[in-house]
Structure formats: structure tokens, C-alpha cells
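Note: the block below is target19.cif and it holds mmCIF, C-alpha atoms and all ligand atoms.
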```
data_model
#
loop_
_atom_site.group_PDB
_atom_site.id
_atom_site.type_symbol
_atom_site.label_atom_id
_atom_site.label_comp_id
_atom_site.auth_asym_id
_atom_site.auth_seq_id
_atom_site.Cartn_x
_atom_site.Cartn_y
_atom_site.Cartn_z
ATOM 1 C CA MET A 1 85.954 -1.918 74.300
ATOM 2 C CA LYS A 2 87.375 -3.188 77.554
ATOM 3 C CA VAL A 3 91.109 -3.832 77.736
ATOM 4 C CA LEU A 4 92.554 -5.798 80.647
ATOM 5 C CA LEU A 5 96.310 -6.143 81.131
ATOM 6 C CA LEU A 6 96.615 -9.732 82.303
ATOM 7 C CA GLY A 7 100.385 -9.806 82.594
ATOM 8 C CA THR A 8 103.059 -7.197 81.982
ATOM 9 C CA ALA A 9 106.411 -8.963 82.423
ATOM 10 C CA ALA A 10 108.677 -10.545 79.829
ATOM 11 C CA GLY A 11 109.403 -14.266 79.646
ATOM 12 C CA GLY A 12 110.223 -15.581 83.121
ATOM 13 C CA GLY A 13 107.973 -13.045 84.833
ATOM 14 C CA PHE A 14 108.965 -10.844 87.731
ATOM 15 C CA PRO A 15 110.711 -11.982 89.803
ATOM 16 C CA GLN A 16 112.193 -14.772 87.697
ATOM 17 C CA TRP A 17 112.556 -18.047 89.608
ATOM 18 C CA ASN A 18 116.312 -18.493 89.034
ATOM 19 C CA CYS A 19 117.442 -14.865 88.994
ATOM 20 C CA ALA A 20 119.146 -12.997 91.816
ATOM 21 C CA CYS A 21 119.609 -9.697 90.010
ATOM 22 C CA ARG A 22 119.017 -6.527 92.016
ATOM 23 C CA MET A 23 115.455 -6.204 90.772
ATOM 24 C CA CYS A 24 114.447 -9.847 91.284
ATOM 25 C CA SER A 25 115.937 -9.784 94.766
ATOM 26 C CA ALA A 26 113.913 -6.682 95.654
ATOM 27 C CA GLY A 27 110.813 -8.355 94.235
ATOM 28 C CA ARG A 28 111.472 -11.460 96.298
ATOM 29 C CA ASP A 29 111.941 -9.283 99.388
ATOM 30 C CA GLY A 30 108.453 -7.902 98.862
ATOM 31 C CA LEU A 31 109.735 -4.438 97.940
ATOM 32 C CA LEU A 32 108.485 -4.432 94.357
ATOM 33 C CA THR A 33 105.184 -5.593 92.865
ATOM 34 C CA HIS A 34 105.345 -8.962 91.152
ATOM 35 C CA ARG A 35 104.265 -9.234 87.522
ATOM 36 C CA THR A 36 103.132 -12.210 85.482
ATOM 37 C CA GLN A 37 104.066 -12.850 81.875
ATOM 38 C CA ASP A 38 102.752 -10.628 79.132
ATOM 39 C CA GLY A 39 99.262 -10.879 77.702
ATOM 40 C CA ILE A 40 96.064 -8.850 77.472
ATOM 41 C CA ALA A 41 92.336 -9.554 77.161
ATOM 42 C CA VAL A 42 89.888 -7.504 75.108
ATOM 43 C CA SER A 43 86.110 -7.474 74.949
ATOM 44 C CA ALA A 44 83.527 -5.328 73.166
ATOM 45 C CA THR A 45 80.760 -5.692 75.755
ATOM 46 C CA GLY A 46 82.336 -7.627 78.617
ATOM 47 C CA GLU A 47 80.423 -10.793 77.679
ATOM 48 C CA ARG A 48 82.884 -12.392 75.287
ATOM 49 C CA TRP A 49 86.616 -11.987 75.856
ATOM 50 C CA PHE A 50 89.563 -12.577 73.572
ATOM 51 C CA LEU A 51 93.054 -13.088 74.866
ATOM 52 C CA VAL A 52 95.992 -11.643 72.990
ATOM 53 C CA ASN A 53 98.764 -14.073 73.813
ATOM 54 C CA ALA A 54 98.434 -16.926 76.285
ATOM 55 C CA SER A 55 101.267 -16.938 78.788
ATOM 56 C CA PRO A 56 102.275 -19.814 81.058
ATOM 57 C CA ASP A 57 100.613 -17.730 83.811
ATOM 58 C CA ILE A 58 97.229 -17.827 82.099
ATOM 59 C CA ARG A 59 95.472 -19.917 84.754
ATOM 60 C CA ALA A 60 96.335 -17.487 87.559
ATOM 61 C CA GLN A 61 95.551 -14.535 85.297
ATOM 62 C CA LEU A 62 92.069 -15.845 84.475
ATOM 63 C CA LEU A 63 91.312 -16.740 88.103
ATOM 64 C CA ALA A 64 92.358 -13.250 89.211
ATOM 65 C CA HIS A 65 89.465 -11.495 87.473
ATOM 66 C CA GLN A 66 85.694 -11.928 87.862
ATOM 67 C CA GLU A 67 85.406 -10.961 84.187
ATOM 68 C CA PHE A 68 86.374 -14.534 83.318
ATOM 69 C CA ARG A 69 83.970 -16.276 85.679
ATOM 70 C CA PRO A 70 82.242 -19.100 83.780
ATOM 71 C CA LYS A 71 78.490 -19.687 83.722
ATOM 72 C CA PRO A 72 77.249 -23.182 84.614
ATOM 73 C CA PRO A 73 78.165 -25.733 83.701
ATOM 74 C CA ARG A 74 81.377 -24.714 81.878
ATOM 75 C CA ASP A 75 80.465 -21.710 79.799
ATOM 76 C CA THR A 76 83.538 -19.515 79.804
ATOM 77 C CA PRO A 77 83.481 -15.957 78.486
ATOM 78 C CA VAL A 78 86.953 -16.640 77.027
ATOM 79 C CA LYS A 79 86.137 -17.316 73.408
ATOM 80 C CA GLY A 80 89.463 -17.106 71.670
ATOM 81 C CA VAL A 81 93.153 -16.276 71.543
ATOM 82 C CA LEU A 82 95.175 -14.162 69.142
ATOM 83 C CA LEU A 83 98.925 -14.750 69.059
ATOM 84 C CA THR A 84 101.423 -12.044 68.168
ATOM 85 C CA ASP A 85 104.263 -14.584 67.889
ATOM 86 C CA ALA A 86 105.240 -18.156 68.738
ATOM 87 C CA GLU A 87 107.511 -17.388 71.716
ATOM 88 C CA LEU A 88 106.987 -19.712 74.661
ATOM 89 C CA ASP A 89 106.005 -16.872 76.991
ATOM 90 C CA HIS A 90 103.195 -15.934 74.590
ATOM 91 C CA SER A 91 101.943 -19.368 73.566
ATOM 92 C CA LEU A 92 102.521 -21.979 76.292
ATOM 93 C CA GLY A 93 99.266 -20.911 77.951
ATOM 94 C CA LEU A 94 97.351 -22.570 75.119
ATOM 95 C CA MET A 95 98.333 -25.915 76.648
ATOM 96 C CA LEU A 96 96.756 -24.764 79.907
ATOM 97 C CA LEU A 97 93.481 -23.846 78.199
ATOM 98 C CA ARG A 98 92.967 -27.416 76.958
ATOM 99 C CA GLU A 99 89.870 -27.879 79.139
ATOM 100 C CA GLY A 100 88.059 -25.305 77.007
ATOM 101 C CA ASP A 101 85.721 -26.205 74.143
ATOM 102 C CA ASN A 102 85.372 -24.335 70.869
ATOM 103 C CA LEU A 103 88.298 -21.995 71.350
ATOM 104 C CA GLN A 104 89.126 -19.860 68.326
ATOM 105 C CA VAL A 105 92.839 -19.315 67.749
ATOM 106 C CA TRP A 106 94.230 -16.720 65.349
ATOM 107 C CA ALA A 107 97.899 -16.407 64.440
ATOM 108 C CA PRO A 108 100.143 -15.613 61.478
ATOM 109 C CA GLU A 109 100.958 -18.543 59.215
ATOM 110 C CA ALA A 110 104.564 -18.854 60.423
ATOM 111 C CA VAL A 111 103.439 -18.879 64.054
ATOM 112 C CA LEU A 112 100.940 -21.683 63.431
ATOM 113 C CA HIS A 113 103.633 -23.520 61.482
ATOM 114 C CA GLY A 114 106.159 -23.121 64.298
ATOM 115 C CA LEU A 115 103.671 -24.303 66.913
ATOM 116 C CA THR A 116 102.943 -27.345 64.748
ATOM 117 C CA GLU A 117 106.259 -28.361 63.180
ATOM 118 C CA ASP A 118 108.985 -26.941 65.432
ATOM 119 C CA PHE A 119 107.183 -27.296 68.754
ATOM 120 C CA GLY A 120 104.318 -29.778 68.882
ATOM 121 C CA LEU A 121 101.924 -27.591 70.831
ATOM 122 C CA ARG A 122 99.084 -27.665 68.349
ATOM 123 C CA GLY A 123 99.224 -31.402 67.772
ATOM 124 C CA THR A 124 99.347 -31.954 71.518
ATOM 125 C CA VAL A 125 96.344 -29.810 72.439
ATOM 126 C CA GLU A 126 94.384 -31.289 69.554
ATOM 127 C CA HIS A 127 94.385 -34.579 71.460
ATOM 128 C CA TYR A 128 92.341 -32.785 74.123
ATOM 129 C CA ARG A 129 90.085 -30.368 72.265
ATOM 130 C CA ARG A 130 89.238 -29.618 68.672
ATOM 131 C CA TRP A 131 89.734 -25.899 68.327
ATOM 132 C CA ASP A 132 89.447 -23.695 65.272
ATOM 133 C CA TRP A 133 92.855 -22.456 64.149
ATOM 134 C CA HIS A 134 92.775 -19.447 61.829
ATOM 135 C CA THR A 135 95.606 -17.932 59.834
ATOM 136 C CA VAL A 136 95.877 -14.156 60.119
ATOM 137 C CA SER A 137 97.358 -12.402 57.112
ATOM 138 C CA PRO A 138 98.803 -8.918 57.610
ATOM 139 C CA GLY A 139 96.379 -6.244 56.516
ATOM 140 C CA VAL A 140 93.389 -8.607 56.238
ATOM 141 C CA PRO A 141 90.994 -7.952 59.141
ATOM 142 C CA VAL A 142 89.456 -10.724 61.217
ATOM 143 C CA HIS A 143 86.332 -10.271 63.340
ATOM 144 C CA PRO A 144 86.339 -12.176 66.635
ATOM 145 C CA ALA A 145 82.708 -12.930 67.591
ATOM 146 C CA GLY A 146 81.702 -10.418 64.911
ATOM 147 C CA GLU A 147 82.250 -7.756 67.565
ATOM 148 C CA LEU A 148 85.828 -6.588 67.096
ATOM 149 C CA THR A 149 87.937 -5.812 64.058
ATOM 150 C CA VAL A 150 91.512 -7.036 64.324
ATOM 151 C CA THR A 151 94.248 -6.310 61.801
ATOM 152 C CA ALA A 152 97.810 -7.611 61.948
ATOM 153 C CA PHE A 153 100.938 -5.643 61.048
ATOM 154 C CA PRO A 154 104.105 -7.588 60.116
ATOM 155 C CA VAL A 155 106.732 -6.663 62.703
ATOM 156 C CA SER A 156 109.675 -8.976 62.114
ATOM 157 C CA GLY A 157 110.984 -12.373 61.141
ATOM 158 C CA LYS A 158 112.341 -13.066 64.608
ATOM 159 C CA ARG A 159 111.879 -16.787 65.247
ATOM 160 C CA PRO A 160 111.691 -18.373 68.675
ATOM 161 C CA ARG A 161 114.929 -20.138 69.609
ATOM 162 C CA TYR A 162 113.286 -23.523 69.139
ATOM 163 C CA ALA A 163 112.508 -22.584 65.515
ATOM 164 C CA ALA A 164 115.863 -20.974 64.719
ATOM 165 C CA ALA A 165 116.479 -23.462 61.916
ATOM 166 C CA SER A 166 113.061 -23.032 60.349
ATOM 167 C CA THR A 167 113.010 -21.996 56.704
ATOM 168 C CA MET A 168 109.419 -20.796 56.998
ATOM 169 C CA ASP A 169 108.933 -17.254 55.741
ATOM 170 C CA GLY A 170 107.656 -14.710 58.225
ATOM 171 C CA PRO A 171 106.345 -12.582 59.620
ATOM 172 C CA TRP A 172 107.000 -14.547 62.792
ATOM 173 C CA VAL A 173 106.014 -11.519 64.868
ATOM 174 C CA VAL A 174 103.049 -9.231 64.315
ATOM 175 C CA ALA A 175 101.329 -6.366 66.100
ATOM 176 C CA TYR A 176 97.546 -6.156 66.279
ATOM 177 C CA ARG A 177 95.249 -3.183 65.854
ATOM 178 C CA ILE A 178 91.960 -3.952 67.591
ATOM 179 C CA THR A 179 88.915 -1.764 66.992
ATOM 180 C CA ASP A 180 85.466 -1.878 68.534
ATOM 181 C CA PRO A 181 83.270 -0.711 65.630
ATOM 182 C CA ALA A 182 80.516 0.242 68.091
ATOM 183 C CA THR A 183 82.620 2.873 69.853
ATOM 184 C CA GLY A 184 85.475 3.389 67.402
ATOM 185 C CA GLY A 185 87.870 2.713 70.293
ATOM 186 C CA THR A 186 91.152 1.421 68.916
ATOM 187 C CA LEU A 187 94.109 -0.289 70.536
ATOM 188 C CA VAL A 188 97.468 -1.232 69.048
ATOM 189 C CA TYR A 189 99.295 -3.997 70.902
ATOM 190 C CA ALA A 190 102.937 -4.651 69.968
ATOM 191 C CA PRO A 191 104.721 -6.479 72.797
ATOM 192 C CA CYS A 192 107.631 -7.679 70.673
ATOM 193 C CA LEU A 193 109.379 -4.963 68.649
ATOM 194 C CA ARG A 194 112.976 -5.328 67.499
ATOM 195 C CA GLU A 195 112.752 -1.778 66.227
ATOM 196 C CA TRP A 196 109.987 0.593 65.207
ATOM 197 C CA PRO A 197 108.996 -0.929 61.839
ATOM 198 C CA ALA A 198 108.675 1.099 58.650
ATOM 199 C CA GLY A 199 105.028 2.000 58.156
ATOM 200 C CA PHE A 200 104.160 1.562 61.822
ATOM 201 C CA ASP A 201 103.369 5.265 62.278
ATOM 202 C CA GLU A 202 100.467 4.854 59.867
ATOM 203 C CA PHE A 203 99.329 1.657 61.597
ATOM 204 C CA VAL A 204 99.068 3.378 64.970
ATOM 205 C CA ALA A 205 97.761 6.683 63.575
ATOM 206 C CA ASP A 206 94.098 6.014 64.451
ATOM 207 C CA ALA A 207 94.756 4.276 67.768
ATOM 208 C CA ASP A 208 93.597 5.767 71.062
ATOM 209 C CA CYS A 209 95.990 3.554 72.965
ATOM 210 C CA VAL A 210 99.335 2.018 72.015
ATOM 211 C CA ILE A 211 100.938 -0.748 74.078
ATOM 212 C CA ILE A 212 104.520 -1.498 73.048
ATOM 213 C CA ASP A 213 107.521 -3.589 73.974
ATOM 214 C CA GLY A 214 109.173 -2.244 77.134
ATOM 215 C CA THR A 215 111.411 -5.271 77.770
ATOM 216 C CA PHE A 216 114.647 -3.415 78.453
ATOM 217 C CA HIS A 217 115.337 0.110 79.610
ATOM 218 C CA SER A 218 118.761 0.232 78.023
ATOM 219 C CA ALA A 219 120.954 -1.759 75.702
ATOM 220 C CA ALA A 220 123.441 -3.089 78.254
ATOM 221 C CA GLU A 221 120.927 -4.156 80.880
ATOM 222 C CA MET A 222 120.845 -7.898 80.267
ATOM 223 C CA SER A 223 124.606 -8.384 80.239
ATOM 224 C CA GLY A 224 124.834 -6.534 83.545
ATOM 225 C CA ALA A 225 122.351 -8.920 85.173
ATOM 226 C CA THR A 226 123.661 -12.188 83.734
ATOM 227 C CA GLY A 227 127.353 -11.405 84.208
ATOM 228 C CA LYS A 228 128.031 -11.978 80.519
ATOM 229 C CA LYS A 229 130.582 -9.650 78.963
ATOM 230 C CA ALA A 230 128.800 -8.461 75.851
ATOM 231 C CA ASP A 231 125.218 -7.509 75.329
ATOM 232 C CA ALA A 232 124.932 -10.098 72.553
ATOM 233 C CA ASP A 233 122.266 -11.955 74.486
ATOM 234 C CA GLN A 234 120.017 -8.978 74.652
ATOM 235 C CA LYS A 235 120.646 -7.916 71.073
ATOM 236 C CA SER A 236 119.767 -11.382 69.825
ATOM 237 C CA MET A 237 116.587 -11.250 71.880
ATOM 238 C CA GLY A 238 115.603 -8.356 69.662
ATOM 239 C CA HIS A 239 113.743 -5.850 71.791
ATOM 240 C CA ILE A 240 113.789 -2.091 71.235
ATOM 241 C CA PRO A 241 115.205 -0.376 74.351
ATOM 242 C CA ILE A 242 113.002 2.120 76.177
ATOM 243 C CA ALA A 243 115.710 4.802 76.407
ATOM 244 C CA GLY A 244 117.906 6.528 73.877
ATOM 245 C CA PRO A 245 117.545 7.738 70.291
ATOM 246 C CA GLY A 246 115.136 5.508 68.384
ATOM 247 C CA GLY A 247 114.071 3.852 71.657
ATOM 248 C CA GLY A 248 110.508 3.354 72.826
ATOM 249 C CA LEU A 249 110.081 6.729 74.519
ATOM 250 C CA ASP A 250 111.652 8.494 71.561
ATOM 251 C CA VAL A 251 109.207 7.006 69.059
ATOM 252 C CA LEU A 252 106.220 7.337 71.376
ATOM 253 C CA SER A 253 106.977 11.064 71.733
ATOM 254 C CA ARG A 254 105.593 11.389 68.204
ATOM 255 C CA PHE A 255 102.125 10.469 69.509
ATOM 256 C CA PRO A 256 101.485 12.798 72.448
ATOM 257 C CA GLY A 257 97.690 12.474 72.271
ATOM 258 C CA LYS A 258 97.585 8.728 72.748
ATOM 259 C CA HIS A 259 97.402 6.598 75.877
ATOM 260 C CA ARG A 260 100.901 5.074 75.718
ATOM 261 C CA ILE A 261 101.876 1.964 77.658
ATOM 262 C CA LEU A 262 105.006 -0.179 77.987
ATOM 263 C CA THR A 263 104.617 -3.888 78.657
ATOM 264 C CA HIS A 264 106.660 -7.138 78.575
ATOM 265 C CA LEU A 265 109.119 -5.661 81.112
ATOM 266 C CA ASN A 266 112.105 -7.895 81.709
ATOM 267 C CA ASN A 267 112.997 -8.666 85.317
ATOM 268 C CA THR A 268 116.240 -6.702 84.900
ATOM 269 C CA ASN A 269 114.382 -3.521 83.945
ATOM 270 C CA PRO A 270 114.778 -0.697 86.513
ATOM 271 C CA VAL A 271 111.432 0.728 85.368
ATOM 272 C CA LEU A 272 109.904 -2.023 87.534
ATOM 273 C CA ASP A 273 110.873 0.120 90.521
ATOM 274 C CA PRO A 274 108.431 3.050 90.883
ATOM 275 C CA ALA A 275 111.109 4.920 92.874
ATOM 276 C CA SER A 276 113.745 4.656 90.127
ATOM 277 C CA ALA A 277 114.975 7.463 87.891
ATOM 278 C CA GLU A 278 114.152 5.257 84.921
ATOM 279 C CA HIS A 279 110.508 4.935 86.028
ATOM 280 C CA ALA A 280 110.358 8.723 86.460
ATOM 281 C CA GLU A 281 111.800 9.132 82.972
ATOM 282 C CA VAL A 282 108.932 7.030 81.566
ATOM 283 C CA LEU A 283 106.257 9.012 83.423
ATOM 284 C CA THR A 284 107.814 12.343 82.457
ATOM 285 C CA ALA A 285 107.533 11.247 78.831
ATOM 286 C CA GLY A 286 103.782 10.822 79.339
ATOM 287 C CA VAL A 287 104.100 7.032 79.130
ATOM 288 C CA SER A 288 103.334 4.440 81.790
ATOM 289 C CA ALA A 289 104.114 0.834 82.682
ATOM 290 C CA PRO A 290 100.970 -0.102 84.596
ATOM 291 C CA PRO A 291 100.782 -3.260 86.703
ATOM 292 C CA ASP A 292 98.987 -6.534 86.035
ATOM 293 C CA GLY A 293 95.249 -6.232 86.374
ATOM 294 C CA THR A 294 94.969 -2.736 84.890
ATOM 295 C CA LEU A 295 91.580 -2.346 83.182
ATOM 296 C CA PHE A 296 90.474 0.498 80.931
ATOM 297 C CA GLU A 297 87.915 1.248 78.233
ATOM 298 C CA LEU A 298 88.345 2.614 74.737
HETATM 299 C C1 LIG A 301 111.425 -12.866 73.984
HETATM 300 O O1 LIG A 301 110.498 -12.110 74.225
HETATM 301 O O2 LIG A 301 112.463 -12.469 73.459
HETATM 302 C C2 LIG A 301 111.287 -14.309 74.305
HETATM 303 O O3 LIG A 301 110.079 -14.529 74.938
HETATM 304 C C3 LIG A 301 112.470 -14.756 75.090
HETATM 305 C C4 LIG A 301 112.232 -16.066 75.744
HETATM 306 O O4 LIG A 301 112.484 -17.099 75.124
HETATM 307 O O5 LIG A 301 111.788 -16.090 76.901
HETATM 308 MN MN MN A 302 108.876 -12.669 75.371
HETATM 309 ZN ZN ZN A 303 116.318 -10.789 87.590
#
```
Spit out the file's structure as C-alpha cells when you get a sec.
Ligand code: MLT
Ligand code: MN
Ligand code: ZN
Amino acid sequence: MKVLLLGTAAGGGFPQWNCACRMCSAGRDGLLTHRTQDGIAVSATGERWFLVNASPDIRAQLLAHQEFRPKPPRDTPVKGVLLTDAELDHSLGLMLLREGDNLQVWAPEAVLHGLTEDFGLRGTVEHYRRWDWHTVSPGVPVHPAGELTVTAFPVSGKRPRYAAASTMDGPWVVAYRITDPATGGTLVYAPCLREWPAGFDEFVADADCVIIDGTFHSAAEMSGATGKKADADQKSMGHIPIAGPGGGLDVLSRFPGKHRILTHLNNTNPVLDPASAEHAEVLTAGVSAPPDGTLFEL
């Protein structure tokens, strides 16, 4: 199975258009590599690709890689999209794929509900193309193109801000385990983790590679960048910090044999700077935060 990291930044990307934090300023000065918003693409053979999340940067991400070159007249290798959640940074790209025929979309029930009732994305794109929208239930595998086996794990009930008032039961956020039955290669992709969920150790046990939420290095990071007094903003955003007890590196240390990756890095995150102590801390833990465009096989 081929895995391509399309984008590795959190919502807003890096640098973020309206942010003058230390990191964004260094990015704007050309000192740090820019990153687009989080999403990956997976393919069993390289012929048919499935996106996991569709960020607002999807057009640039697809144009950046020959893997997604269409055959005449408009035969794209992008056959479908799986959504881990209904956040704008993970779903707005669907609007930008509206030129595509026969797209298959998979998402948890609450996510499809949110994108229909709370934010009219689905109804809007349906005026352009008739796609197939499939509900993914945790623990019940789906088989994109009959080539991959994808199973969802319920991560949390964290709703997007636009759906804060929704009474729809979750999970609103899931992780996916994606297996290529031909090779046995297995990936777990969990870009939005409030905490390490109960039972998640078992879910990742068979995975060769685990990609998790690396939004923030530490708990106070967001308040420092926005000038707000408390870290309420960051806490309500619900992302496990990389550092500290129970943080991303701490939990990943339980899986030393796996290829371990952090993604969805917020623009405030010092790990974005390869010369930082925080970046060194990640590498020393045997984990990495590779850039957009990273391709590997499982
Ligand atoms: C998140 O990951 O918490 C959301 O994408 C935040 C946002 O609305 O950009
Ligand atoms: Mn996000
Ligand atoms: Zn910034």
C-alpha cells in the first residue's frame, strides 16, 4: 500500500494567513518549510487512490503529485474520500472536488449529518455531482475499490464549532485503520485525538505505521501565540499535546517497533522548526513529523 502525506498542518495551514506568531513569521520569511492542511492519500496498487480527509488545499495537493494525473478525457485516479470528522479543515475540500464524477464518500453517521444539516456542504455539492455517500460504523470494515480494508475507531464526540448545538450522537471523530490485504501492510491514521482513547492500544496493535495528532507541542502554546490569558482556546480545541505525561510521545513510546508520525501540526508548534529543541525531542523519541509530499509503502 502506498501512503502519501498530502498535507501535515492543522486548520489554517502553515503559515496561517492572519498570524504573526514567531513560527508563522519565520515561515513567511522563508526560513521554515510551508505546510498545507492535513490529509493523506492511500492506494493499494497506485492506480486507484483514496483520500483520507479533503482539506481546503486539496486542489494544490492533487496538482503537486503525478500520482493523481488523470487519463483522458477526465479519468482521475482519485476514486473516493474517507472523512475522520466534519471539521472544516478536513471536509471543505469536498466542495473543490465537485468536478469529479462517481466519487465515493465514507464518513461516520454524525459527520454526514453535520455536513448535511449543520453545514450544507452535501446538499451544495449534490447540485454539481451525484456522489455515493456511505455511512461508516465503528468496527464494521468497508472496502474501497475492493482493494483496501478500512475500519473506523470511535475517537470522540467533539463537534465542529458550527455544529456545537447539534444533538446528534457521535462519534463525531474517528480514526481509521487501513489494511492492504495483498501485503498485510497496515496504517492507523488519527489526526484528531483529544486524548488517547480507551481501547486504542488494541486498535493500533497490528499497525506498521501510526499517524497521530501532533497539533500542539505543549498545553500553553495557543494562548502564548494568540495573546489570550488562559489556554481555554486550546483545551476546547481538544488536541492531545505532544509533550508531557499522557502526551503523544508518551503514548507512542509504547510502540517502539512502529513507524510513528505526527501530523496536523498547528502553526504555533515549535516542532515545525527542524532546529528546535522540541523537534529534536520528537526525533529522539523515534517519532517524526515529515513534510507534505512524504510517500512511503506498507
Ligand atoms: C481542529 O482541528 O480543532 C479544527 O480543525 C479547528 C478549526 O476549526 O480549524
Ligand atoms: Mn483541524
Ligand atoms: Zn502562527
Could you report the residues within 6 Å of ligand MN 302 (chain A), using only C-alpha atoms and all ligand atoms, as a PyMOL selection string? chain A and resi 10-11+89
Please produce a file of the residues just selected, as a PDB file, in the frame of the given file, where the atoms kept are C-alpha atoms.
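New file out.pdb:
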```pdb
ATOM      1  CA  ALA A  10     108.677 -10.545  79.829  1.00  0.00           C
ATOM      2  CA  GLY A  11     109.403 -14.266  79.646  1.00  0.00           C
ATOM      3  CA  ASP A  89     106.005 -16.872  76.991  1.00  0.00           C
TER       4      ASP A  89
END
```
Contacts to ligand LIG 301 (chain A) at 7 Å cut-off (all atoms listed in the file) as a ChimeraX atom specification: /A:10-12,87-89,160-161,192,237-239
Show which residues sit within 8 Å of Pro144 of chain A, as a list of chain:residue names. Count only C-alpha atoms, and ignore same-chain residues fewer than 4 positions away.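 In the requested form, the answer reads A:Phe50, A:Gly80, A:Leu148, A:Thr149, A:Val150.
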Top pick for closest residue to ligand ZN 303 (chain A), considering A:His34, A:Arg159, A:Gly246, A:Phe14 and counting all atoms listed in the file: A:Phe14
List every residue of chain A that has an atom at most 7 Å from any atom of ligand ZN 303 (chain A), and for each one report the closest atom pair and its distance in Å to one decimal, counting only C-alpha atoms and all ligand atoms, with rows sorted by chain and then by increasing residue number, as a tab-separated table.
```
residue	atom	partner	partner_atom	distance
A:Pro15	CA	A:ZN303	ZN	6.1
A:Gln16	CA	A:ZN303	ZN	5.7
A:Cys19	CA	A:ZN303	ZN	4.5
A:Ala20	CA	A:ZN303	ZN	5.5
A:Cys21	CA	A:ZN303	ZN	4.2
A:Arg22	CA	A:ZN303	ZN	6.7
A:Met23	CA	A:ZN303	ZN	5.6
A:Cys24	CA	A:ZN303	ZN	4.2
A:Ala225	CA	A:ZN303	ZN	6.8
A:Asn267	CA	A:ZN303	ZN	4.6
A:Thr268	CA	A:ZN303	ZN	4.9
```
